[in-house]
6 protein chains.
Amino acid sequence: MKLLVINPNISRDVTRLIESEAARSIRPGTELTLATAPFGVAYIETRAEALIGGYAAMQIAAEQHTYHDAIVVAAFGDPGLTALREIMPIPVVGMTEAALVSACQQGGRFSVIAISQRIQAWYRECIAAYGFAERLASIRALDEPLSHIGRVQEDQGERLVTLANQAVEQDGADVLILAGAPLAGLARTVADRLAVPALDGVTCALIQAQAMVDMQVASPIAGSYAPPPEKGCDGLGPALARLIGRHPAA
Amino acid sequence: MKLLVINPNISRDVTRLIESEAARSIRPGTELTLATAPFGVAYIETRAEALIGGYAAMQIAAEQHTYHDAIVVAAFGDPGLTALREIMPIPVVGMTEAALVSACQQGGRFSVIAISQRIQAWYRECIAAYGFAERLASIRALDEPLSHIGRVQEDQGERLVTLANQAVEQDGADVLILAGAPLAGLARTVADRLAVPALDGVTCALIQAQAMVDMQVASPIAGSYAPPPEKGCDGLGPALARLIGRHPAA
Amino acid sequence: MKLLVINPNISRDVTRLIESEAARSIRPGTELTLATAPFGVAYIETRAEALIGGYAAMQIAAEQHTYHDAIVVAAFGDPGLTALREIMPIPVVGMTEAALVSACQQGGRFSVIAISQRIQAWYRECIAAYGFAERLASIRALDEPLSHIGRVQEDQGERLVTLANQAVEQDGADVLILAGAPLAGLARTVADRLAVPALDGVTCALIQAQAMVDMQVASPIAGSYAPPPEKGCDGLGPALARLIGRHPAA
Amino acid sequence: MKLLVINPNISRDVTRLIESEAARSIRPGTELTLATAPFGVAYIETRAEALIGGYAAMQIAAEQHTYHDAIVVAAFGDPGLTALREIMPIPVVGMTEAALVSACQQGGRFSVIAISQRIQAWYRECIAAYGFAERLASIRALDEPLSHIGRVQEDQGERLVTLANQAVEQDGADVLILAGAPLAGLARTVADRLAVPALDGVTCALIQAQAMVDMQVASPIAGSYAPPPEKGCDGLGPALARLIGRHPAA
Amino acid sequence: MKLLVINPNISRDVTRLIESEAARSIRPGTELTLATAPFGVAYIETRAEALIGGYAAMQIAAEQHTYHDAIVVAAFGDPGLTALREIMPIPVVGMTEAALVSACQQGGRFSVIAISQRIQAWYRECIAAYGFAERLASIRALDEPLSHIGRVQEDQGERLVTLANQAVEQDGADVLILAGAPLAGLARTVADRLAVPALDGVTCALIQAQAMVDMQVASPIAGSYAPPPEKGCDGLGPALARLIGRHPAA
Amino acid sequence: MKLLVINPNISRDVTRLIESEAARSIRPGTELTLATAPFGVAYIETRAEALIGGYAAMQIAAEQHTYHDAIVVAAFGDPGLTALREIMPIPVVGMTEAALVSACQQGGRFSVIAISQRIQAWYRECIAAYGFAERLASIRALDEPLSHIGRVQEDQGERLVTLANQAVEQDGADVLILAGAPLAGLARTVADRLAVPALDGVTCALIQAQAMVDMQVASPIAGSYAPPPEKGCDGLGPALARLIGRHPAA
């Protein structure tokens with residue numbers, strides 16, 4: 001099978017991190033196409049940046065999904081996920097949602113370890129929007145400015161492990177989610193220093209994407225995830241316009 | 001005071017409806033700037049269309065907010081609202097949120113009357129995201145394709161009144177919200193045929209926007225609605241880039 | 001327009017505070033009538049005192065609402081608010097509800113700064129009853145006996161600012177509500193020492209009351225806020241009896 | 001033991017119904033004092049009437065509680081219940097709360113059968129305030145004006161049984177609550193025509209009140225149900241003033 | 001009346017503690033039958049142990065319920081409670097549920113004091129399953145291994161009192177539940193050292209069981225607590241098989 | 001990899017259905033061990049039957065898990081799932097949980113199609129316990145006695161398709177879950193007659209079990225899913241006793 005993995009942000013360093021970890025999670029015969037957002041921000045911490053990343057992900061998906069079997073949106077917070085799911089004829093999986101459903105299958109409550117203080121509100125709202133608020137034990141986050149988004153693991157690895165252990169000991173986490181594409185791979189490298197299962201969003205997303213393809217579910221033609229009713233549109237680019245509507249002149 | 005009213009969609013007919021109703025809701029001395037999305041769809045029914053509309057609203061807000069005292073996002077579902085609120089130095093008000101808070105101050109539970117079946121899931125999720133799910137008595141919606149989005153009131157007025165009365169009699173609504181910019185003004189014209197207060201999103205948004213300006217609240221410099229931390233960005237256009245980040249080369 | 005502002009408590013000092021702050025929040029042409037409860041307590045900290053204050057507010061509203069366009073119940077916790085809303089033919093606005101809906105339009109989560117430890121349970125239950133529990137970041141309260149209810153701001157101003165800043169830094173508040181009529185005006189005087197918007201319940205209530213009048217909504221004749229079905233009553237005083245029922249002999 | 005049973009309404013016919021059913025639920029050695037509200041309405045359907053009934057119940061409790069071991073507030077919706085619980089040195093039990101906790105011990109979800117359409121919103125809000133909203137299968141109510149509140153059972157008995165059976169068959173109720181003091185005794189007389197347990201609020205309240213006395217729990221001196229902090233008051237009547245505060249002159 | 005009190009665990013020391021406290025809570029004429037699980041664990045801390053205890057309780061109930069008027073499941077967490085309630089023709093009361101409903105009738109929020117750190121997740125899920133999560137102020141628990149389950153009160157009494165007082169002072173508990181059959185009697189012996197009512201699960205369960213018998217409610221023949229539809233079964237033992245189904249050969 | 005698939009019920013016909021559908025969902029190299037409960041009921045409709053099935057599943061898992069990589073509990077309602085997860089050193093997946101997390105990755109709200117009226121309460125409580133109540137659009141169920149549990153699909157296939165289509169058209173389901181092991185395979189055979197994705201619990205469970213093995217997560221040594229603290233036990237059988245505790249004599 002063939003998976004399109006979208007980094008909704010402009011950081012190519014992070015795309016390389018995602019690719020490297022994704023490559024460890026695919027089965028023989030699965031191929032990856034990586035795509036980096038042509039516009040947007042270095043990484044998402046806010047609702048505003050998530051909106052930009054979501055629109056960028058939508059453009060990439062519209063343009064590149066052909067010949068793929070599923071799409072992975074590879075930023076924590078899943079920018080654009082439900083929007084893509086409506087318009088794409090193939091399964092769309094998000095890092096956050098995939099990590100959350102995997103966490104729920106391994107424990108009662110989970111904690112999220114995050115890369116900045118500011119990012120917490122956005123994560124909390126995403127988790128609540130999916131309906132998992134009751135199972136969130138805590139979010140714990142780094143509290144220093146990040147010098148380089150592609151080197152957070154090297155620069156802050158010890159501090160992240162400390163936060164993770166605090167979440168287990170003080171917040172009652174049964175499972176840890178090391179959140180954000182910039183942390184791709186960290187769960188694997190520090191697993192033996194943590195007392196509960198630690199999940200990597202990229203790994204979960206890739207595995208769940210392959211699982212979705214395995215299920216061979218049909219695309220809906222009714223309900224709120226059927227393709228949007230055709231309507232006038234303008235300025236969306238040809239690929240997205242084909243999925244969303246008809247041109248105003250039509 | 002000066003208000004920027006953004007139609008996140010491309011339909012100029014709907015912009016005219018919004019303007020006409022907005023003009024009835026402003027106090028002496030309040031001025032309006034109307035803006036129509038330069039790209040997007042005719043009207044929003046889905047999560048995908050809301051993402052597009054949100055990004056369009058963000059671009060307009062970034063480019064035109066200077067010299068205004070508040071911004072109104074004039075589409076039900078409030079595309080981009082919380083994103084704009086983070087990056088704008090002035091209050092931002094949404095039609096849905098404004099109608100919901102006004103409804104809560106007049107009754108216990110409210111019903112939403114909507115223009116299409118498909119639009120209901122999107123509305124329901126917006127209302128839940130704001131935390132008002134418990135107060136939603138029902139959503140009732142038209143079930144025929146719309147021949148022209150600028151003439152829904154003329155074409156479907158009687159049917160909309162019937163749905164509204166059913167919401168009161170069968171669903172226990174204390175307040176009605178006639179939802180969607182294409183219905184701007186309908187609440188006023190049919191009020192005397194409804195047994196409970198009927199709210200117009202445009203009216204509520206304009207009145208609440210003026211109330212927000214009256215409150216003279218300071219912009220936050222902490223918390224999750226402070227301006228986003230500066231970070232690298234690319235391809236956002238100069239106005240949005242100034243609000244979001246620094247250029248990658250910086 | 002003409003607004004009736006009811007202090008549901010017997011403290012005339014607090015009525016003066018309310019009046020002074022209310023006067024700053026009205027538009028040209030708006031007039032205020034202030035009323036102080038003829039029976040009750042100095043200030044409300046408990047469910048029992050709120051019940052007394054609610055009944056006092058109901059008596060005042062019944063007797064004095066004629067020739068007014070809206071009523072403000074000016075005690076945090078909104079004693080009697082929904083009861084008054086059922087029987088009054090004009091909009092009724094509460095300090096708490098008005099502050100909550102204003103807070104929701106400015107941020108994600110809010111904290112309430114309160115004047116006593118005991119008052120917190122009552123506030124928490126009010127906020128939950130309105131459906132805003134999910135958005136409450138914290139309540140922080142003074143923990144010393146109040147020497148004089150009319151001088152809390154002078155006596156405890158510094159401590160209140162400290163609590164407010166702790167709510168932002170430690171509890172994740174995007175907005176602060178400085179709660180209780182005895183704190184009327186404090187949000188304005190300390191705004192520049194707080195990193196997020198700070199709301200004053202009196203200001204919010206007055207502005208929302210004027211907004212409600214602007215909306216010109218009709219009184220309901222159906223639903224759970226229509227006037228109560230007529231029934232036998234006794235001992236309510238003539239004004240309230242006219243609104244509630246018919247005399248037993250009728 | 002000695003129980004004070006308060007009818008918060010003025011209808012002496014209903015007091016007699018309550019007394020008659022209460023007498024069947026007491027154990028040897030338990031004595032009853034019945035009290036009828038000296039002011040208020042014939043029966044409670046609305047939030048406004050509940051506020052009046054709550055204040056009346058508070059006055060009666062303050063004046064008559066001495067020499068009693070527990071108090072029962074005998075109107076569905078429990079007007080004044082939590083307020084009385086704060087100021088009384090003995091247990092206070094409400095019909096609704098007692099019926100709800102008894103229902104929870106017998107099944108998963110319950111339905112409430114009520115005497116009027118209008119009363120439903122008030123009941124629904126009470127049940128939600130106690131935290132039992134998730135377990136409420138439905139409220140079904142009579143939809144005709146009541147000719148005499150003391151004769152509802154005779155006049156509408158068949159209709160009430162029909163509503164109760166519909167709640168079981170169509171709404172999934174495991175337990176029925178025949179609500180409202182005017183229905184006291186009905187659960188017993190129609191039990192053999194219902195397929196699930198049917199609870200009478202008066203019976204539940206009397207049995208739970210005796211259970212509370214049996215538990216011999218101490219009155220709190222901390223927490224939100226300790227006696228209110230002493231404060232100035234005026235016009236409350238001597239009995240209530242002794243419980244609530246000190247006189248303004250003090 | 002005659003009550004069957006089941007200890008779902010194998011510890012006879014704990015059965016003796018339960019019996020001793022139960023004997024203080026019965027009225028003249030009430031008789032007790034105590035039963036100890038013939039298989040299982042010493043005490044329940046986990047979901048796995050609760051499943052074992054639930055199946056043991058079910059076997060005991062099936063074999064011994066005849067000639068009894070009600071059953072008490074005497075382990076906190078109520079193993080098997082709802083299962084027993086479906087198949088038993090008499091009321092079944094659980095220690096946790098009984099303590100929770102009693103707590104709700106005495107205050108707003110309660111804290112649970114528990115015997116081990118591990119036990120907290122199981123308690124939290126039980127409380128949530130009953131729908132009382134919103135009223136749970138905190139769970140506080142011992143953090144040392146228990147040397148002997150029958151002597152926890154003697155060994156850890158002071159520490160338990162300290163935890164209880166912390167729950168009142170720091171967590172806002174209006175009521176305390178001293179949880180777990182091994183703590184039977186502790187609430188009584190330390191009541192005068194606690195500032196709010198303290199409940200003993202055994203006491204609450206015995207009193208509520210007698211209350212249930214007093215109510216004389218009929219067993220359901222519809223709804224989800226009616227006897228299970230007859231179906232094939234095997235290997236359940238004759239008593240349980242009679243209640244659950246018919247033999248496969250039938 | 002090697003998966004142990006447990007039918008917690010005694011029906012060998014249903015085990016064959018499970019095996020047949022499971023075989024279609026495994027990847028090359030995955031092997032299945034099927035096990036049928038040695039005691040219990042033909043199929044689970046009630047809380048009591050689920051308790052029995054859970055205990056049977058626990059016994060099988062304890063005895064047969066060695067040399068396996070993951071366990072599947074193959075009855076809707078997931079009897080014993082969280083209990084097994086605590087004591088097993090390998091991942092444990094449930095049909096219901098697996099179907100729910102798969103549904104959440106494909107749509108907003110889902111409906112469950114079930115084989116009997118009685119089974120609905122048990123399903124509803126399971127779904128709520130996992131935290132998915134908000135996403136449940138409806139449960140629709142057959143309303144006739146089942147003549148043979150192994151032939152439900154043949155006997156009631158048309159009726160089940162009708163219920164499924166009603167869930168989409170009337171209840172707003174974006175995804176359908178055809179629930180219960182006796183319906184294994186039906187989703188596949190009727191997929192082209194349904195307008196939204198239809199999920200088979202067996203398929204979802206097998207695919208998620210393989211995904212869990214792919215993730216290579218470590219077993220917890222802290223948190224509420226670590227192995228239970230060692231304690232005295234009796235009568236559990238040697239395999240379960242080794243996992244749960246030490247013998248009383250130890």
# chains A, B, ... in the order shown; residues from 1 in each chain; ligands from 1
>>> residues_around(residues="Ala74 in chain A", least_positions_apart="5", cutoff="12 Å", atoms="only C-alpha atoms", output="ChimeraX atom specification")
/A:3-9,14-19,21-22,34-37,43-44,53-54,57,79-81,92-99,179-184,200-206,209
>>> interface_residues(of="chain E", to="chain C", cutoff="12 Å", atoms="only C-alpha atoms", output="ChimeraX atom specification")
/E:107-109,134-135,137,169-174
>>> write_last_selection(atoms="N, CA, C and O atoms", output="PDB file, in the first residue's frame")
ATOM      1  N   GLY E 107     -24.222  16.720  51.643  1.00  0.00           N
ATOM      2  CA  GLY E 107     -23.297  17.773  51.240  1.00  0.00           C
ATOM      3  C   GLY E 107     -23.179  17.845  49.740  1.00  0.00           C
ATOM      4  O   GLY E 107     -23.861  17.130  49.009  1.00  0.00           O
ATOM      5  N   GLY E 108     -22.309  18.739  49.292  1.00  0.00           N
ATOM      6  CA  GLY E 108     -22.138  18.913  47.859  1.00  0.00           C
ATOM      7  C   GLY E 108     -21.119  17.943  47.281  1.00  0.00           C
ATOM      8  O   GLY E 108     -21.418  17.184  46.388  1.00  0.00           O
ATOM      9  N   ARG E 109     -19.901  17.984  47.817  1.00  0.00           N
ATOM     10  CA  ARG E 109     -18.841  17.128  47.295  1.00  0.00           C
ATOM     11  C   ARG E 109     -18.242  16.298  48.423  1.00  0.00           C
ATOM     12  O   ARG E 109     -18.226  16.710  49.579  1.00  0.00           O
ATOM     13  N   GLU E 134     -18.724  14.052  39.220  1.00  0.00           N
ATOM     14  CA  GLU E 134     -18.724  15.500  39.435  1.00  0.00           C
ATOM     15  C   GLU E 134     -18.724  15.868  40.907  1.00  0.00           C
ATOM     16  O   GLU E 134     -18.379  16.982  41.270  1.00  0.00           O
ATOM     17  N   ARG E 135     -19.172  14.967  41.755  1.00  0.00           N
ATOM     18  CA  ARG E 135     -19.268  15.287  43.179  1.00  0.00           C
ATOM     19  C   ARG E 135     -18.090  14.762  43.976  1.00  0.00           C
ATOM     20  O   ARG E 135     -18.025  14.937  45.188  1.00  0.00           O
ATOM     21  N   ALA E 137     -14.679  15.123  45.355  1.00  0.00           N
ATOM     22  CA  ALA E 137     -13.670  16.165  45.570  1.00  0.00           C
ATOM     23  C   ALA E 137     -12.270  15.582  45.428  1.00  0.00           C
ATOM     24  O   ALA E 137     -11.393  16.197  44.836  1.00  0.00           O
ATOM     25  N   GLU E 169      -9.716  20.212  54.331  1.00  0.00           N
ATOM     26  CA  GLU E 169      -9.060  21.531  54.304  1.00  0.00           C
ATOM     27  C   GLU E 169      -8.545  21.900  52.912  1.00  0.00           C
ATOM     28  O   GLU E 169      -8.566  23.066  52.537  1.00  0.00           O
ATOM     29  N   GLN E 170      -8.057  20.919  52.164  1.00  0.00           N
ATOM     30  CA  GLN E 170      -7.414  21.251  50.888  1.00  0.00           C
ATOM     31  C   GLN E 170      -8.244  20.906  49.661  1.00  0.00           C
ATOM     32  O   GLN E 170      -8.038  21.488  48.598  1.00  0.00           O
ATOM     33  N   ASP E 171      -9.156  19.944  49.789  1.00  0.00           N
ATOM     34  CA  ASP E 171      -9.878  19.491  48.592  1.00  0.00           C
ATOM     35  C   ASP E 171     -11.336  19.938  48.561  1.00  0.00           C
ATOM     36  O   ASP E 171     -12.022  19.719  47.570  1.00  0.00           O
ATOM     37  N   GLY E 172     -11.818  20.529  49.643  1.00  0.00           N
ATOM     38  CA  GLY E 172     -13.187  21.024  49.641  1.00  0.00           C
ATOM     39  C   GLY E 172     -14.246  19.970  49.888  1.00  0.00           C
ATOM     40  O   GLY E 172     -15.381  20.120  49.440  1.00  0.00           O
ATOM     41  N   ALA E 173     -13.903  18.910  50.603  1.00  0.00           N
ATOM     42  CA  ALA E 173     -14.901  17.870  50.890  1.00  0.00           C
ATOM     43  C   ALA E 173     -15.906  18.349  51.930  1.00  0.00           C
ATOM     44  O   ALA E 173     -15.523  18.834  52.992  1.00  0.00           O
ATOM     45  N   ASP E 174     -17.191  18.166  51.617  1.00  0.00           N
ATOM     46  CA  ASP E 174     -18.261  18.432  52.583  1.00  0.00           C
ATOM     47  C   ASP E 174     -18.570  17.189  53.406  1.00  0.00           C
ATOM     48  O   ASP E 174     -19.175  17.284  54.480  1.00  0.00           O
TER      49      ASP E 174
END
>>> select_by_dssp(residues="range 77-138 of chain E", states="helix (DSSP H, G or I)", output="MDAnalysis selection string")
chainID E and resid 81:87 95:104 119:130 133:135
>>> write_last_selection(atoms="C-alpha atoms", output="PDB file, in the first residue's frame")
ATOM      1  CA  LEU E  81     -23.609  -5.359  42.352  1.00  0.00           C
ATOM      2  CA  THR E  82     -25.520  -4.608  39.156  1.00  0.00           C
ATOM      3  CA  ALA E  83     -25.205  -8.231  38.031  1.00  0.00           C
ATOM      4  CA  LEU E  84     -26.749  -9.468  41.274  1.00  0.00           C
ATOM      5  CA  ARG E  85     -29.469  -6.864  41.067  1.00  0.00           C
ATOM      6  CA  GLU E  86     -30.574  -8.319  37.726  1.00  0.00           C
ATOM      7  CA  ILE E  87     -30.907 -11.906  38.880  1.00  0.00           C
ATOM      8  CA  MET E  95     -21.340  -0.416  50.231  1.00  0.00           C
ATOM      9  CA  THR E  96     -20.070   2.152  47.742  1.00  0.00           C
ATOM     10  CA  GLU E  97     -23.381   3.047  46.206  1.00  0.00           C
ATOM     11  CA  ALA E  98     -25.000   3.283  49.643  1.00  0.00           C
ATOM     12  CA  ALA E  99     -22.232   5.538  50.929  1.00  0.00           C
ATOM     13  CA  LEU E 100     -22.412   7.732  47.830  1.00  0.00           C
ATOM     14  CA  VAL E 101     -26.162   8.287  48.016  1.00  0.00           C
ATOM     15  CA  SER E 102     -25.879   9.008  51.719  1.00  0.00           C
ATOM     16  CA  ALA E 103     -23.064  11.474  51.090  1.00  0.00           C
ATOM     17  CA  CYS E 104     -25.119  13.241  48.432  1.00  0.00           C
ATOM     18  CA  ILE E 119      -7.020   1.024  44.763  1.00  0.00           C
ATOM     19  CA  GLN E 120      -7.724   4.588  43.624  1.00  0.00           C
ATOM     20  CA  ALA E 121      -8.212   3.955  39.904  1.00  0.00           C
ATOM     21  CA  TRP E 122     -10.744   1.220  40.611  1.00  0.00           C
ATOM     22  CA  TYR E 123     -12.648   3.440  43.052  1.00  0.00           C
ATOM     23  CA  ARG E 124     -12.602   6.374  40.644  1.00  0.00           C
ATOM     24  CA  GLU E 125     -14.054   4.258  37.846  1.00  0.00           C
ATOM     25  CA  CYS E 126     -16.784   2.867  40.120  1.00  0.00           C
ATOM     26  CA  ILE E 127     -17.798   6.323  41.242  1.00  0.00           C
ATOM     27  CA  ALA E 128     -17.836   7.541  37.641  1.00  0.00           C
ATOM     28  CA  ALA E 129     -19.869   4.532  36.508  1.00  0.00           C
ATOM     29  CA  TYR E 130     -22.564   5.444  39.044  1.00  0.00           C
ATOM     30  CA  ALA E 133     -17.743  11.829  39.285  1.00  0.00           C
ATOM     31  CA  GLU E 134     -18.724  15.500  39.435  1.00  0.00           C
ATOM     32  CA  ARG E 135     -19.268  15.287  43.179  1.00  0.00           C
TER      33      ARG E 135
END
>>> atom_distance(atom1="CA of Gln166 in chain C", atom2="CA of Ala195 in chain C")
10.7 Å
